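Novice: Pasting work.tsv below, which is TSV, C-alpha atoms and all ligand atoms.
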chain	number	residue	atom	x	y	z
A	1297	MET	CA	0.00	0.00	0.00
A	1298	PRO	CA	1.57	3.31	-1.02
A	1299	TRP	CA	1.78	6.09	1.51
A	1300	ARG	CA	0.59	9.61	0.95
A	1301	ARG	CA	0.89	12.80	2.92
A	1302	CYS	CA	-2.12	14.62	4.32
A	1303	VAL	CA	-2.07	18.30	3.39
A	1304	GLY	CA	-3.68	19.15	6.72
A	1305	CYS	CA	-1.39	17.61	9.34
A	1306	ARG	CA	1.48	16.76	6.93
A	1307	GLU	CA	1.63	13.23	8.29
A	1308	SER	CA	2.22	10.35	5.92
A	1309	LYS	CA	-0.30	7.54	6.11
A	1310	GLU	CA	-1.37	4.56	4.08
A	1311	LYS	CA	-3.28	5.75	1.04
A	1312	ASP	CA	-6.52	4.04	1.98
A	1313	ARG	CA	-6.64	5.90	5.28
A	1314	LEU	CA	-6.78	9.23	3.48
A	1315	VAL	CA	-9.39	10.87	1.30
A	1316	ARG	CA	-8.27	11.84	-2.19
A	1317	PHE	CA	-9.32	14.97	-4.05
A	1318	VAL	CA	-8.64	15.98	-7.63
A	1319	ALA	CA	-9.35	19.01	-9.78
A	1320	ARG	CA	-12.21	18.55	-12.23
A	1321	ASP	CA	-13.22	21.41	-14.52
A	1322	GLY	CA	-11.55	23.87	-12.19
A	1323	ARG	CA	-13.37	22.59	-9.14
A	1324	LEU	CA	-12.23	20.50	-6.25
A	1325	THR	CA	-13.80	17.04	-6.48
A	1326	ILE	CA	-13.73	14.18	-4.02
A	1327	ASP	CA	-12.34	10.96	-5.43
A	1328	ARG	CA	-14.08	8.38	-3.28
A	1329	ALA	CA	-12.92	5.38	-5.26
A	1330	GLY	CA	-9.40	6.71	-5.74
A	1331	THR	CA	-9.63	6.11	-9.48
A	1332	LEU	CA	-9.78	9.60	-11.02
A	1333	HIS	CA	-6.78	10.53	-13.10
A	1334	GLY	CA	-4.50	13.44	-12.51
A	1335	ARG	CA	-2.71	14.91	-9.58
A	1336	GLY	CA	-4.41	14.19	-6.30
A	1337	VAL	CA	-4.34	15.80	-2.92
A	1338	TYR	CA	-4.87	13.79	0.24
A	1339	LEU	CA	-6.54	14.61	3.50
A	1340	CYS	CA	-7.27	12.66	6.69
A	1341	PRO	CA	-10.98	12.10	7.20
A	1342	SER	CA	-10.90	14.32	10.26
A	1343	LYS	CA	-12.33	17.71	11.02
A	1344	GLU	CA	-9.01	18.82	12.48
A	1345	CYS	CA	-7.22	18.38	9.18
A	1346	VAL	CA	-10.02	20.08	7.23
A	1347	ASP	CA	-9.84	22.99	9.67
A	1348	ARG	CA	-6.10	23.25	9.13
A	1349	VAL	CA	-6.47	23.33	5.36
A	1350	TYR	CA	-9.19	25.99	5.46
A	1351	LYS	CA	-7.02	28.26	7.55
A	1352	LYS	CA	-4.72	28.46	4.54
A	1353	ARG	CA	-7.06	29.05	1.63
A	1354	ASP	CA	-4.84	28.07	-1.27
A	1355	VAL	CA	-3.62	24.70	-0.01
A	1356	PHE	CA	-5.63	22.75	-2.57
A	1357	SER	CA	-4.61	24.93	-5.50
A	1358	ARG	CA	-0.96	24.78	-4.54
A	1359	SER	CA	-0.99	21.03	-3.97
A	1360	LEU	CA	-2.82	20.36	-7.23
A	1361	ARG	CA	-0.66	22.88	-9.12
A	1362	THR	CA	-3.76	24.39	-10.64
A	1363	GLY	CA	-6.36	26.88	-9.53
A	1364	VAL	CA	-9.41	25.14	-8.15
A	1365	SER	CA	-12.52	26.54	-6.61
A	1366	VAL	CA	-13.03	24.99	-3.21
A	1367	PRO	CA	-16.42	24.45	-1.60
A	1368	GLU	CA	-17.41	25.83	1.76
A	1369	LYS	CA	-15.84	23.91	4.61
A	1370	GLU	CA	-19.21	22.49	5.71
A	1371	GLU	CA	-19.77	21.17	2.20
A	1372	LEU	CA	-16.38	19.48	2.14
A	1373	LEU	CA	-17.04	17.94	5.55
A	1374	ARG	CA	-20.31	16.57	4.21
A	1375	TRP	CA	-18.51	15.04	1.23
A	1376	MET	CA	-16.21	13.31	3.66
A	1377	GLY	CA	-19.08	12.14	5.85
A	1378	ILE	CA	-17.99	14.32	8.73
A	1379	THR	CA	-20.59	16.27	10.62
A	1380	SER	CA	-19.40	19.44	12.27
A	1381	GLY	CA	-21.29	18.69	15.46
A	1382	GLY	CA	-24.57	19.97	16.79
A	1383	GLU	CA	-26.22	19.47	13.43
A	1384	GLU	CA	-28.72	16.73	12.84
A	1385	GLY	CA	-30.04	15.12	9.74
A	1386	ILE	CA	-26.78	14.83	7.85
A	1387	GLY	CA	-25.44	11.33	7.78
A	1388	PRO	CA	-22.45	9.68	6.18
A	1389	GLY	CA	-22.56	9.92	2.44
A	1390	GLY	CA	-23.20	13.61	2.43
A	1391	LYS	CA	-26.76	13.61	1.15
A	1392	ARG	CA	-28.58	16.77	1.90
A	1393	ALA	CA	-31.95	16.41	3.64
B	1	ZN	ZN	-4.17	14.87	8.43
Here is the file; what I need is its structure written in the form of structure tokens.
Ligand SMILES: [Zn+2]

Specialist:
Amino acid sequence: MPWRRCVGCRESKEKDRLVRFVARDGRLTIDRAGTLHGRGVYLCPSKECVDRVYKKRDVFSRSLRTGVSVPEKEELLRWMGITSGGEEGIGPGGKRA
């Protein structure tokens, strides 16, 4: 299993313990299956790492070497199946109620 580095905490972990994102049509896209082509950026499935990335706005663009528009943090957390706490009705899978 190859190892990849999380852009949030900068720790290297096995690839399947991280969530992969790619740029698609200028937008950040989650790569759930890990099969989309192109440069990927990896993130732990944890709110802490998402928080870290969103404190530095251009992390995704710099890591992907291309300008990407990034969703709101809450949206990204939903993609990753992370709820930000206190909210109900949003389960894993990120479907909006
Ligand atoms: Zn991390």

Novice: Can you work out which residues are within 12 Å of ligand ZN 1 (chain B), considering all atoms listed in the file, and then hand them over as a VMD selection string?

Specialist: chain A and resid 1300 to 1311 1313 to 1316 1337 to 1349

Novice: Here is a test: counting all atoms listed in the file, which residue of A:Trp1299, A:Gly1377, A:Phe1317, A:Arg1323 is nearest to Gly1363 (chain A)?

Specialist: A:Arg1323

Novice: One decimal, in Å: what's the spacing between CA of Ala1329 (chain A) and CA of Arg1353 (chain A)?

Specialist: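 That distance, rounded to one decimal, is 25.3 Å.
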
Novice: Using CA of Lys1369 (chain A) and CA of Pro1298 (chain A) as the two end points, give the distance in Å to one decimal.

Specialist: 27.6 Å

Novice: Edge lengths and centre in Å to one decimal, as lines of an AutoDock Vina configuration file, of the axis-aligned box that encloses all listed atoms of region 1326-1338 of chain A with 5 Å added on every side?

Specialist:
center_x = -8.4
center_y = 10.6
center_z = -6.4
size_x = 21.4
size_y = 20.4
size_z = 23.3

Novice: Which neighbours of Thr1362 (chain A) fall inside 8 Å, counting all atoms listed in the file, when residues of the same chain fewer than 3 positions from it are skipped, and could you give them as number ranges by chain?

Specialist: A: 1319, 1322, 1357-1359

Novice: Those same residues, written as a compact mmCIF listing (two decimals), in the frame of the given file with C-alpha atoms?

Specialist:
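In the end it all went to out-v2.txt:
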# COMPACT_ATOMS: atom_id res chain seq x y z
CA ALA A 1319 -9.35 19.01 -9.78
CA GLY A 1322 -11.55 23.87 -12.19
CA SER A 1357 -4.61 24.93 -5.50
CA ARG A 1358 -0.96 24.78 -4.54
CA SER A 1359 -0.99 21.03 -3.97

Novice: Out of A:Leu1373, A:Asp1354, A:Met1297, A:Arg1361, which residue has the shortest atom-to-atom distance to Val1318 (chain A) when counting all atoms listed in the file?

Specialist: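 Smallest distance to Val1318 (chain A) is found for A:Arg1361.
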
Novice: Could you check how far CA of Asp1321 (chain A) sits from CA of Lys1351 (chain A), in Å to one decimal?

Specialist: 23.9 Å

Novice: Under the rule that all atoms listed in the file are counted, which of A:Thr1331, A:Val1355, A:Ile1326, A:Leu1360 is the nearest residue to Arg1374 (chain A)?

Specialist: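 For Arg1374 (chain A), the nearest of the given residues is A:Ile1326.
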